[in-house]
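Structure data (mmCIF, C-alpha atoms and all ligand atoms) from upload16.cif:
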data_structure
#
loop_
_atom_site.group_PDB
_atom_site.id
_atom_site.type_symbol
_atom_site.label_atom_id
_atom_site.label_comp_id
_atom_site.auth_asym_id
_atom_site.auth_seq_id
_atom_site.Cartn_x
_atom_site.Cartn_y
_atom_site.Cartn_z
ATOM 1 C CA MET A 1217 127.685 95.974 111.987
ATOM 2 C CA GLU A 1218 124.005 95.887 112.988
ATOM 3 C CA ARG A 1219 121.722 94.874 110.124
ATOM 4 C CA GLY A 1220 119.456 97.678 108.920
ATOM 5 C CA LEU A 1221 115.688 97.732 108.592
ATOM 6 C CA PHE A 1222 113.400 97.543 105.597
ATOM 7 C CA ILE A 1223 110.093 99.333 106.211
ATOM 8 C CA THR A 1224 107.369 99.667 103.570
ATOM 9 C CA PHE A 1225 104.495 102.144 103.249
ATOM 10 C CA GLU A 1226 101.290 100.943 101.620
ATOM 11 C CA GLY A 1227 97.742 102.047 100.887
ATOM 12 C CA ALA A 1228 95.464 103.319 98.152
ATOM 13 C CA ASP A 1229 96.389 106.429 96.176
ATOM 14 C CA GLY A 1230 95.672 109.547 98.251
ATOM 15 C CA CYS A 1231 96.109 107.786 101.638
ATOM 16 C CA GLY A 1232 98.920 110.120 102.769
ATOM 17 C CA LYS A 1233 101.668 107.473 102.975
ATOM 18 C CA THR A 1234 104.288 109.588 101.195
ATOM 19 C CA THR A 1235 103.780 112.496 103.627
ATOM 20 C CA GLN A 1236 104.228 110.082 106.540
ATOM 21 C CA LEU A 1237 107.302 108.499 104.955
ATOM 22 C CA MET A 1238 109.024 111.868 104.502
ATOM 23 C CA LEU A 1239 108.158 112.951 108.061
ATOM 24 C CA LEU A 1240 109.453 109.688 109.526
ATOM 25 C CA ALA A 1241 112.668 109.992 107.503
ATOM 26 C CA LYS A 1242 113.194 113.472 108.955
ATOM 27 C CA THR A 1243 112.609 112.278 112.537
ATOM 28 C CA LEU A 1244 114.892 109.256 112.190
ATOM 29 C CA LYS A 1245 117.656 111.294 110.532
ATOM 30 C CA ALA A 1246 117.445 113.851 113.368
ATOM 31 C CA LYS A 1247 118.004 110.974 115.805
ATOM 32 C CA GLY A 1248 121.190 110.069 113.928
ATOM 33 C CA TYR A 1249 119.999 107.077 111.895
ATOM 34 C CA ASP A 1250 121.250 106.505 108.369
ATOM 35 C CA VAL A 1251 118.010 106.565 106.354
ATOM 36 C CA VAL A 1252 117.375 105.737 102.691
ATOM 37 C CA VAL A 1253 114.124 106.987 101.127
ATOM 38 C CA THR A 1254 113.026 105.063 98.062
ATOM 39 C CA ARG A 1255 109.946 103.950 96.156
ATOM 40 C CA GLU A 1256 108.366 101.440 93.800
ATOM 41 C CA PRO A 1257 107.887 101.798 90.962
ATOM 42 C CA GLY A 1258 110.665 104.070 89.810
ATOM 43 C CA ALA A 1259 113.388 104.669 92.399
ATOM 44 C CA LYS A 1260 115.992 105.539 89.745
ATOM 45 C CA GLY A 1261 117.441 104.627 86.344
ATOM 46 C CA LEU A 1262 115.646 101.692 84.737
ATOM 47 C CA GLY A 1263 112.914 101.910 87.383
ATOM 48 C CA GLU A 1264 112.100 105.492 86.344
ATOM 49 C CA LYS A 1265 111.578 104.335 82.747
ATOM 50 C CA ILE A 1266 109.269 101.515 83.918
ATOM 51 C CA ARG A 1267 107.311 103.967 86.110
ATOM 52 C CA GLU A 1268 106.782 106.283 83.166
ATOM 53 C CA ILE A 1269 105.207 103.442 81.156
ATOM 54 C CA LEU A 1270 103.082 102.197 84.059
ATOM 55 C CA LEU A 1271 101.619 105.558 84.977
ATOM 56 C CA ASN A 1272 101.440 107.367 81.635
ATOM 57 C CA TYR A 1273 101.236 104.905 78.748
ATOM 58 C CA ASP A 1274 97.864 105.619 77.095
ATOM 59 C CA GLY A 1275 97.431 102.463 75.000
ATOM 60 C CA GLU A 1276 95.942 99.159 76.118
ATOM 61 C CA VAL A 1277 97.860 97.377 78.918
ATOM 62 C CA SER A 1278 96.951 93.796 79.864
ATOM 63 C CA SER A 1279 96.719 93.110 83.608
ATOM 64 C CA GLN A 1280 99.419 90.430 83.317
ATOM 65 C CA ALA A 1281 101.803 92.780 81.503
ATOM 66 C CA GLU A 1282 101.122 95.456 84.108
ATOM 67 C CA ALA A 1283 101.989 93.001 86.904
ATOM 68 C CA PHE A 1284 105.232 91.945 85.206
ATOM 69 C CA LEU A 1285 106.306 95.568 84.765
ATOM 70 C CA PHE A 1286 105.826 96.265 88.493
ATOM 71 C CA LEU A 1287 107.717 93.037 89.243
ATOM 72 C CA ALA A 1288 110.595 93.918 86.900
ATOM 73 C CA ASP A 1289 110.940 97.257 88.654
ATOM 74 C CA ARG A 1290 110.911 95.444 92.031
ATOM 75 C CA ALA A 1291 113.601 92.913 91.094
ATOM 76 C CA GLN A 1292 115.904 95.731 89.974
ATOM 77 C CA HIS A 1293 115.100 97.883 93.015
ATOM 78 C CA ILE A 1294 115.712 95.129 95.593
ATOM 79 C CA ASP A 1295 119.053 94.134 94.023
ATOM 80 C CA ILE A 1296 120.441 97.580 93.309
ATOM 81 C CA ILE A 1297 119.083 99.739 96.133
ATOM 82 C CA VAL A 1298 117.312 97.966 99.026
ATOM 83 C CA ASN A 1299 119.507 94.953 99.836
ATOM 84 C CA PRO A 1300 122.852 96.805 99.650
ATOM 85 C CA ALA A 1301 121.526 99.548 101.972
ATOM 86 C CA VAL A 1302 120.036 97.138 104.539
ATOM 87 C CA GLU A 1303 123.273 95.128 104.542
ATOM 88 C CA LYS A 1304 125.173 98.329 105.349
ATOM 89 C CA GLY A 1305 122.958 98.842 108.430
ATOM 90 C CA LYS A 1306 120.734 101.581 106.961
ATOM 91 C CA ILE A 1307 117.009 102.062 107.564
ATOM 92 C CA VAL A 1308 115.268 101.820 104.192
ATOM 93 C CA LEU A 1309 111.869 103.517 103.983
ATOM 94 C CA CYS A 1310 110.144 102.355 100.817
ATOM 95 C CA ASP A 1311 107.015 103.885 99.301
ATOM 96 C CA ARG A 1312 105.126 100.739 98.109
ATOM 97 C CA HIS A 1313 106.415 97.197 97.624
ATOM 98 C CA THR A 1314 105.064 93.631 97.251
ATOM 99 C CA ASP A 1315 101.727 94.296 99.001
ATOM 100 C CA SER A 1316 100.854 96.862 96.313
ATOM 101 C CA THR A 1317 100.986 94.131 93.670
ATOM 102 C CA VAL A 1318 98.801 91.829 95.770
ATOM 103 C CA ALA A 1319 96.298 94.635 96.471
ATOM 104 C CA TYR A 1320 96.233 96.326 93.025
ATOM 105 C CA GLN A 1321 96.933 93.552 90.507
ATOM 106 C CA GLY A 1322 95.539 90.735 92.683
ATOM 107 C CA TYR A 1323 92.459 92.117 94.473
ATOM 108 C CA GLY A 1324 92.038 95.127 92.155
ATOM 109 C CA ARG A 1325 92.598 93.638 88.687
ATOM 110 C CA GLY A 1326 91.590 90.099 89.691
ATOM 111 C CA LEU A 1327 94.831 88.211 88.991
ATOM 112 C CA ASP A 1328 95.472 85.023 90.974
ATOM 113 C CA ILE A 1329 96.794 85.934 94.448
ATOM 114 C CA ASN A 1330 98.863 82.750 94.845
ATOM 115 C CA GLN A 1331 100.590 83.382 91.531
ATOM 116 C CA ILE A 1332 101.325 86.964 92.537
ATOM 117 C CA ASN A 1333 102.803 85.768 95.834
ATOM 118 C CA THR A 1334 105.071 83.393 93.905
ATOM 119 C CA LEU A 1335 106.142 86.119 91.474
ATOM 120 C CA ASN A 1336 106.754 88.544 94.343
ATOM 121 C CA SER A 1337 109.037 85.952 95.969
ATOM 122 C CA LEU A 1338 110.933 85.565 92.712
ATOM 123 C CA ALA A 1339 111.396 89.330 92.408
ATOM 124 C CA THR A 1340 112.574 89.768 96.017
ATOM 125 C CA GLY A 1341 114.476 86.533 96.538
ATOM 126 C CA GLY A 1342 111.903 85.713 99.213
ATOM 127 C CA LYS A 1343 112.905 88.575 101.502
ATOM 128 C CA LYS A 1344 110.015 90.371 103.265
ATOM 129 C CA PRO A 1345 109.948 93.822 104.851
ATOM 130 C CA ASP A 1346 110.641 93.965 108.601
ATOM 131 C CA LEU A 1347 107.575 96.155 109.027
ATOM 132 C CA THR A 1348 104.784 97.405 106.763
ATOM 133 C CA PHE A 1349 102.381 100.273 107.403
ATOM 134 C CA VAL A 1350 99.028 100.197 105.627
ATOM 135 C CA PHE A 1351 97.276 103.567 105.602
ATOM 136 C CA ASP A 1352 93.595 102.732 105.493
ATOM 137 C CA ILE A 1353 91.125 105.243 104.091
ATOM 138 C CA ASP A 1354 87.657 105.217 102.545
ATOM 139 C CA VAL A 1355 87.710 105.473 98.774
ATOM 140 C CA GLU A 1356 85.686 108.699 98.545
ATOM 141 C CA THR A 1357 88.118 110.605 100.777
ATOM 142 C CA SER A 1358 91.192 109.224 99.021
ATOM 143 C CA MET A 1359 89.851 110.042 95.552
ATOM 144 C CA LYS A 1360 89.037 113.589 96.693
ATOM 145 C CA ARG A 1361 92.643 113.936 97.879
ATOM 146 C CA VAL A 1362 93.977 112.675 94.525
ATOM 147 C CA GLY A 1363 91.909 115.335 92.720
ATOM 148 C CA ALA A 1364 90.946 115.619 89.062
ATOM 149 C CA ASN A 1365 94.399 115.166 87.543
ATOM 150 C CA LYS A 1366 94.654 111.358 87.677
ATOM 151 C CA ASP A 1367 97.344 109.070 86.194
ATOM 152 C CA ARG A 1368 96.604 105.716 84.479
ATOM 153 C CA MET A 1369 96.393 103.756 87.768
ATOM 154 C CA GLU A 1370 94.452 106.430 89.660
ATOM 155 C CA SER A 1371 91.809 106.405 86.912
ATOM 156 C CA ALA A 1372 90.793 102.780 87.606
ATOM 157 C CA GLY A 1373 87.518 103.762 89.348
ATOM 158 C CA MET A 1374 85.746 103.507 92.729
ATOM 159 C CA GLU A 1375 84.984 99.769 92.586
ATOM 160 C CA PHE A 1376 88.596 98.996 91.772
ATOM 161 C CA PHE A 1377 89.784 101.048 94.758
ATOM 162 C CA ASN A 1378 87.272 99.385 97.085
ATOM 163 C CA ARG A 1379 88.766 96.021 96.099
ATOM 164 C CA VAL A 1380 92.284 97.411 96.648
ATOM 165 C CA ARG A 1381 91.296 98.625 100.119
ATOM 166 C CA ASN A 1382 89.799 95.246 101.056
ATOM 167 C CA GLY A 1383 92.905 93.567 99.666
ATOM 168 C CA TYR A 1384 95.150 95.521 102.003
ATOM 169 C CA LEU A 1385 92.936 94.691 104.997
ATOM 170 C CA GLU A 1386 93.037 91.008 104.040
ATOM 171 C CA ILE A 1387 96.868 91.064 103.796
ATOM 172 C CA ALA A 1388 97.020 92.673 107.265
ATOM 173 C CA LYS A 1389 94.751 89.937 108.674
ATOM 174 C CA GLN A 1390 97.030 87.258 107.271
ATOM 175 C CA GLU A 1391 100.315 88.804 108.485
ATOM 176 C CA PRO A 1392 99.472 90.776 111.638
ATOM 177 C CA ASN A 1393 103.049 90.762 112.947
ATOM 178 C CA ARG A 1394 104.494 92.432 109.857
ATOM 179 C CA VAL A 1395 101.574 94.536 108.636
ATOM 180 C CA LYS A 1396 100.123 97.321 110.809
ATOM 181 C CA VAL A 1397 96.967 99.158 109.721
ATOM 182 C CA LEU A 1398 96.642 102.856 110.546
ATOM 183 C CA ASP A 1399 93.526 105.001 110.230
ATOM 184 C CA ALA A 1400 94.669 107.464 107.546
ATOM 185 C CA THR A 1401 91.901 109.982 108.333
ATOM 186 C CA GLN A 1402 93.659 110.953 111.606
ATOM 187 C CA SER A 1403 95.875 114.036 111.799
ATOM 188 C CA ILE A 1404 99.388 113.879 110.314
ATOM 189 C CA GLU A 1405 100.925 114.302 113.798
ATOM 190 C CA ASP A 1406 98.796 111.558 115.438
ATOM 191 C CA ILE A 1407 99.709 109.055 112.722
ATOM 192 C CA HIS A 1408 103.384 110.005 112.957
ATOM 193 C CA ILE A 1409 103.425 109.299 116.735
ATOM 194 C CA GLN A 1410 101.927 105.842 116.111
ATOM 195 C CA LEU A 1411 104.589 105.034 113.498
ATOM 196 C CA ILE A 1412 107.401 105.955 115.909
ATOM 197 C CA LYS A 1413 105.881 103.686 118.579
ATOM 198 C CA LEU A 1414 105.650 100.771 116.146
ATOM 199 C CA ILE A 1415 109.249 101.220 115.018
ATOM 200 C CA ASN A 1416 110.501 101.399 118.600
ATOM 201 C CA GLN A 1417 108.912 97.991 119.206
ATOM 202 C CA LEU A 1418 111.168 96.553 116.476
ATOM 203 C CA ARG A 1419 114.487 97.480 118.076
HETATM 204 P P1 LIG B 1501 102.609 105.954 93.728
HETATM 205 O O1 LIG B 1501 101.849 106.997 93.003
HETATM 206 O O2 LIG B 1501 102.145 105.719 95.137
HETATM 207 O O3 LIG B 1501 104.070 106.099 93.607
HETATM 208 O O4 LIG B 1501 102.284 104.525 93.021
HETATM 209 C C1 LIG B 1501 102.199 104.355 91.698
HETATM 210 C C2 LIG B 1501 100.934 103.644 91.302
HETATM 211 O O5 LIG B 1501 101.238 102.284 90.964
HETATM 212 C C3 LIG B 1501 99.813 103.585 92.342
HETATM 213 O O6 LIG B 1501 98.596 103.840 91.662
HETATM 214 C C4 LIG B 1501 99.827 102.143 92.796
HETATM 215 C C5 LIG B 1501 100.347 101.392 91.603
HETATM 216 N N1 LIG B 1501 101.050 100.139 91.896
HETATM 217 C C6 LIG B 1501 100.497 98.932 91.502
HETATM 218 O O7 LIG B 1501 99.404 98.900 90.937
HETATM 219 N N2 LIG B 1501 101.187 97.780 91.742
HETATM 220 C C7 LIG B 1501 102.424 97.773 92.343
HETATM 221 O O8 LIG B 1501 103.020 96.703 92.542
HETATM 222 C C8 LIG B 1501 103.000 99.042 92.733
HETATM 223 C C9 LIG B 1501 104.343 99.082 93.380
HETATM 224 C C10 LIG B 1501 102.277 100.195 92.499
#
Translate this structure into C-alpha cells?
Ligand code: TMP
Amino acid sequence: MERGLFITFEGADGCGKTTQLMLLAKTLKAKGYDVVVTREPGAKGLGEKIREILLNYDGEVSSQAEAFLFLADRAQHIDIIVNPAVEKGKIVLCDRHTDSTVAYQGYGRGLDINQINTLNSLATGGKKPDLTFVFDIDVETSMKRVGANKDRMESAGMEFFNRVRNGYLEIAKQEPNRVKVLDATQSIEDIHIQLIKLINQLR
C-alpha cells in the first residue's frame, strides 16, 4: 500500500490556517483520498484535557511547563493518531505541530531553540511532516481577526506575536523544501489554489 502523507498547517493565531485546512480536506475527499483532519494540541482524549489546561488555565504557567505540556500532547498524538493513519496510506492534515513549539515557546517565550528541537524529536520519534504550510500575516490583522475574546495564548501581546511571526519565517528559511510560506492576506480561494499546486508537486 502507498504510504500516506503528513501535512501540517502553521501560523500565528488568526492567520486562517484552520479555514484552509478544512477546505483542503473537502477538496481532497472529493477527489477520493482518505483524509484525516486532526490538530495539536487536543485531537482527542488525553490531548483534549491537555488543551483545556494550556488554553484556559488562569494561574501562573512557567514557559518550560507550557512547552512540556505541548510536547506531551504531541507524543500522544503522533503515536495514537498520526503514525497509524499515515501507515495506512491516509493523508493526515494537522492543525499545528512541531513548528508551533519552535515559534511560540522558542521565539515567542524565549526558550532555547536547540533544546526545543531536541524535545520535538523525542516527542515525534524524529519524524518530520512531508509538507508544512506557514500562513504569514501581520500581527495587527491577525489580532483583529482573533477579536476581543482571547484565550491564554492569544493574550500574549503584540511583541510576542511579532517574535512568533519572525520565528516562522526563520524556520521556513532553514527548511525551504518542507516549509512553504503563503501570504495569508490573500483571498481564501487564491490561497487554496496555491495549496493544491504545492501538494501536487509532492506526488
Ligand atoms: P489553535 O488555537 O490554533 O488550535 O492553537 C492553540 C494555541 O496553542 C495557539 O495559540 C498556539 C499555541 N501553541 C503553542 O504555543 N505551542 C505549540 O506547540 C502548539 C501546538 C500550539
message: To check your reading of the model: which residues sit at most 8 Å from ligand LIG 1501 (chain B) when counting all atoms listed in the file? Write the answer as a VMD selection string.
response: chain A and resid 1228 to 1229 1234 1255 to 1258 1267 1270 to 1271 1282 to 1283 1286 to 1287 1290 1311 to 1321 1367 to 1370
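You will find atom CA of Val1397 of chain A at 26.9 Å from atom CA of Leu1285 of chain A.
Closest to Val1252 of chain A among A:Leu1309, A:Met1238, A:Arg1219, A:Thr1224 is A:Leu1309, based on only C-alpha atoms.
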I'd like the neighbourhood of Glu1375 of chain A as a PDB file with C-alpha atoms, in the coordinates of the input, where a residue qualifies if any of its atoms comes within 12 Å (using all atoms listed in the file), though same-chain residues fewer than 6 positions away should be ignored.
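Writing the result to around_24.pdb gives the following:
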ATOM      1  CA  TYR A1320      96.233  96.326  93.025  1.00  0.00           C
ATOM      2  CA  TYR A1323      92.459  92.117  94.473  1.00  0.00           C
ATOM      3  CA  GLY A1324      92.038  95.127  92.155  1.00  0.00           C
ATOM      4  CA  ARG A1325      92.598  93.638  88.687  1.00  0.00           C
ATOM      5  CA  ASP A1354      87.657 105.217 102.545  1.00  0.00           C
ATOM      6  CA  VAL A1355      87.710 105.473  98.774  1.00  0.00           C
ATOM      7  CA  GLU A1356      85.686 108.699  98.545  1.00  0.00           C
ATOM      8  CA  MET A1359      89.851 110.042  95.552  1.00  0.00           C
ATOM      9  CA  ARG A1381      91.296  98.625 100.119  1.00  0.00           C
ATOM     10  CA  ASN A1382      89.799  95.246 101.056  1.00  0.00           C
TER      11      ASN A1382
END
Please define a box with edges along x, y and z of the file around all atoms of segment 1296-1306 of chain A given in the file, extend it by 3 Å on each side, and return its centre and edge lengths in Å to one decimal, as lines of an AutoDock Vina configuration file.
center_x = 121.2
center_y = 98.3
center_z = 100.9
size_x = 13.9
size_y = 12.6
size_z = 21.1
- prompt: Could you spell out the hits of the PyMOL selection byres (((chain A and resi 1348) around 8) and not hetatm) on the shown file, as a PyMOL selection string?
  reply: chain A and resi 1223-1226+1345-1347+1349-1350+1394-1396
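With only C-alpha atoms as the atoms that count, the residue of A:Asp1250, A:Gly1363, A:Gln1410, A:Glu1386 with the shortest distance to Ala1301 of chain A is A:Asp1250.
For the set A:Ile1332, A:Ala1241, A:Lys1260, A:Lys1343, the residue with the smallest atom-to-atom gap to Val1302 of chain A is A:Lys1343, counting all atoms listed in the file.
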field: Shell of 12 Å around Lys1413 of chain A, all atoms listed in the file, local chain residues under 6 positions omitted, as a list in words
entry: Leu1240, Lys1396, Asp1406, Ile1407 and Arg1419 of chain A
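Using all atoms listed in the file, the contacts of Cys1231 of chain A at a cut-off of 10 Å, with sequence neighbours closer than 4 positions omitted, comprise Glu1226, Gly1227, Thr1235, Gln1236, Val1350, Phe1351, Asp1352, Ile1353, Asp1354, Val1355, Thr1357, Ser1358, Met1359, Arg1361, Val1362, Asp1399, Ala1400 and Thr1401 of chain A.
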Using the selection just defined, write its residues with C-alpha atoms as an mmCIF file, in the coordinates of the input.
data_model
loop_
_atom_site.group_PDB
_atom_site.id
_atom_site.type_symbol
_atom_site.label_atom_id
_atom_site.label_comp_id
_atom_site.auth_asym_id
_atom_site.auth_seq_id
_atom_site.Cartn_x
_atom_site.Cartn_y
_atom_site.Cartn_z
ATOM 1 C CA GLU A 1226 101.290 100.943 101.620
ATOM 2 C CA GLY A 1227 97.742 102.047 100.887
ATOM 3 C CA THR A 1235 103.780 112.496 103.627
ATOM 4 C CA GLN A 1236 104.228 110.082 106.540
ATOM 5 C CA VAL A 1350 99.028 100.197 105.627
ATOM 6 C CA PHE A 1351 97.276 103.567 105.602
ATOM 7 C CA ASP A 1352 93.595 102.732 105.493
ATOM 8 C CA ILE A 1353 91.125 105.243 104.091
ATOM 9 C CA ASP A 1354 87.657 105.217 102.545
ATOM 10 C CA VAL A 1355 87.710 105.473 98.774
ATOM 11 C CA THR A 1357 88.118 110.605 100.777
ATOM 12 C CA SER A 1358 91.192 109.224 99.021
ATOM 13 C CA MET A 1359 89.851 110.042 95.552
ATOM 14 C CA ARG A 1361 92.643 113.936 97.879
ATOM 15 C CA VAL A 1362 93.977 112.675 94.525
ATOM 16 C CA ASP A 1399 93.526 105.001 110.230
ATOM 17 C CA ALA A 1400 94.669 107.464 107.546
ATOM 18 C CA THR A 1401 91.901 109.982 108.333
#
task: For Tyr1249 of chain A, work out the shell of residues within 8 Å, counting all atoms listed in the file and skipping chain neighbours fewer than 3 positions away, then give it as a PyMOL selection string.
output: chain A and resi 1244-1246+1306-1307
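Computed from the coordinates, the atom CA of Val1253 of chain A to atom CA of Asn1393 of chain A distance equals 22.9 Å.
Within the file as shown, the PyMOL selection byres (((chain A and resi 1296-1298) around 9) and not hetatm) identifies Phe1222, Val1252, Thr1254, Ala1259, Ala1291, Gln1292, His1293, Ile1294, Asp1295, Asn1299, Pro1300, Ala1301, Val1302, Glu1303, Val1308 and Cys1310 of chain A.
Pairwise distance (atom CA of Gly1305 of chain A, atom CA of Leu1418 of chain A) equals 14.5 Å.
In this comparison, which uses all atoms listed in the file, the residue of A:Leu1237, A:Val1380, A:Lys1304, A:Val1277 approaching Gly1220 of chain A most closely is A:Lys1304.
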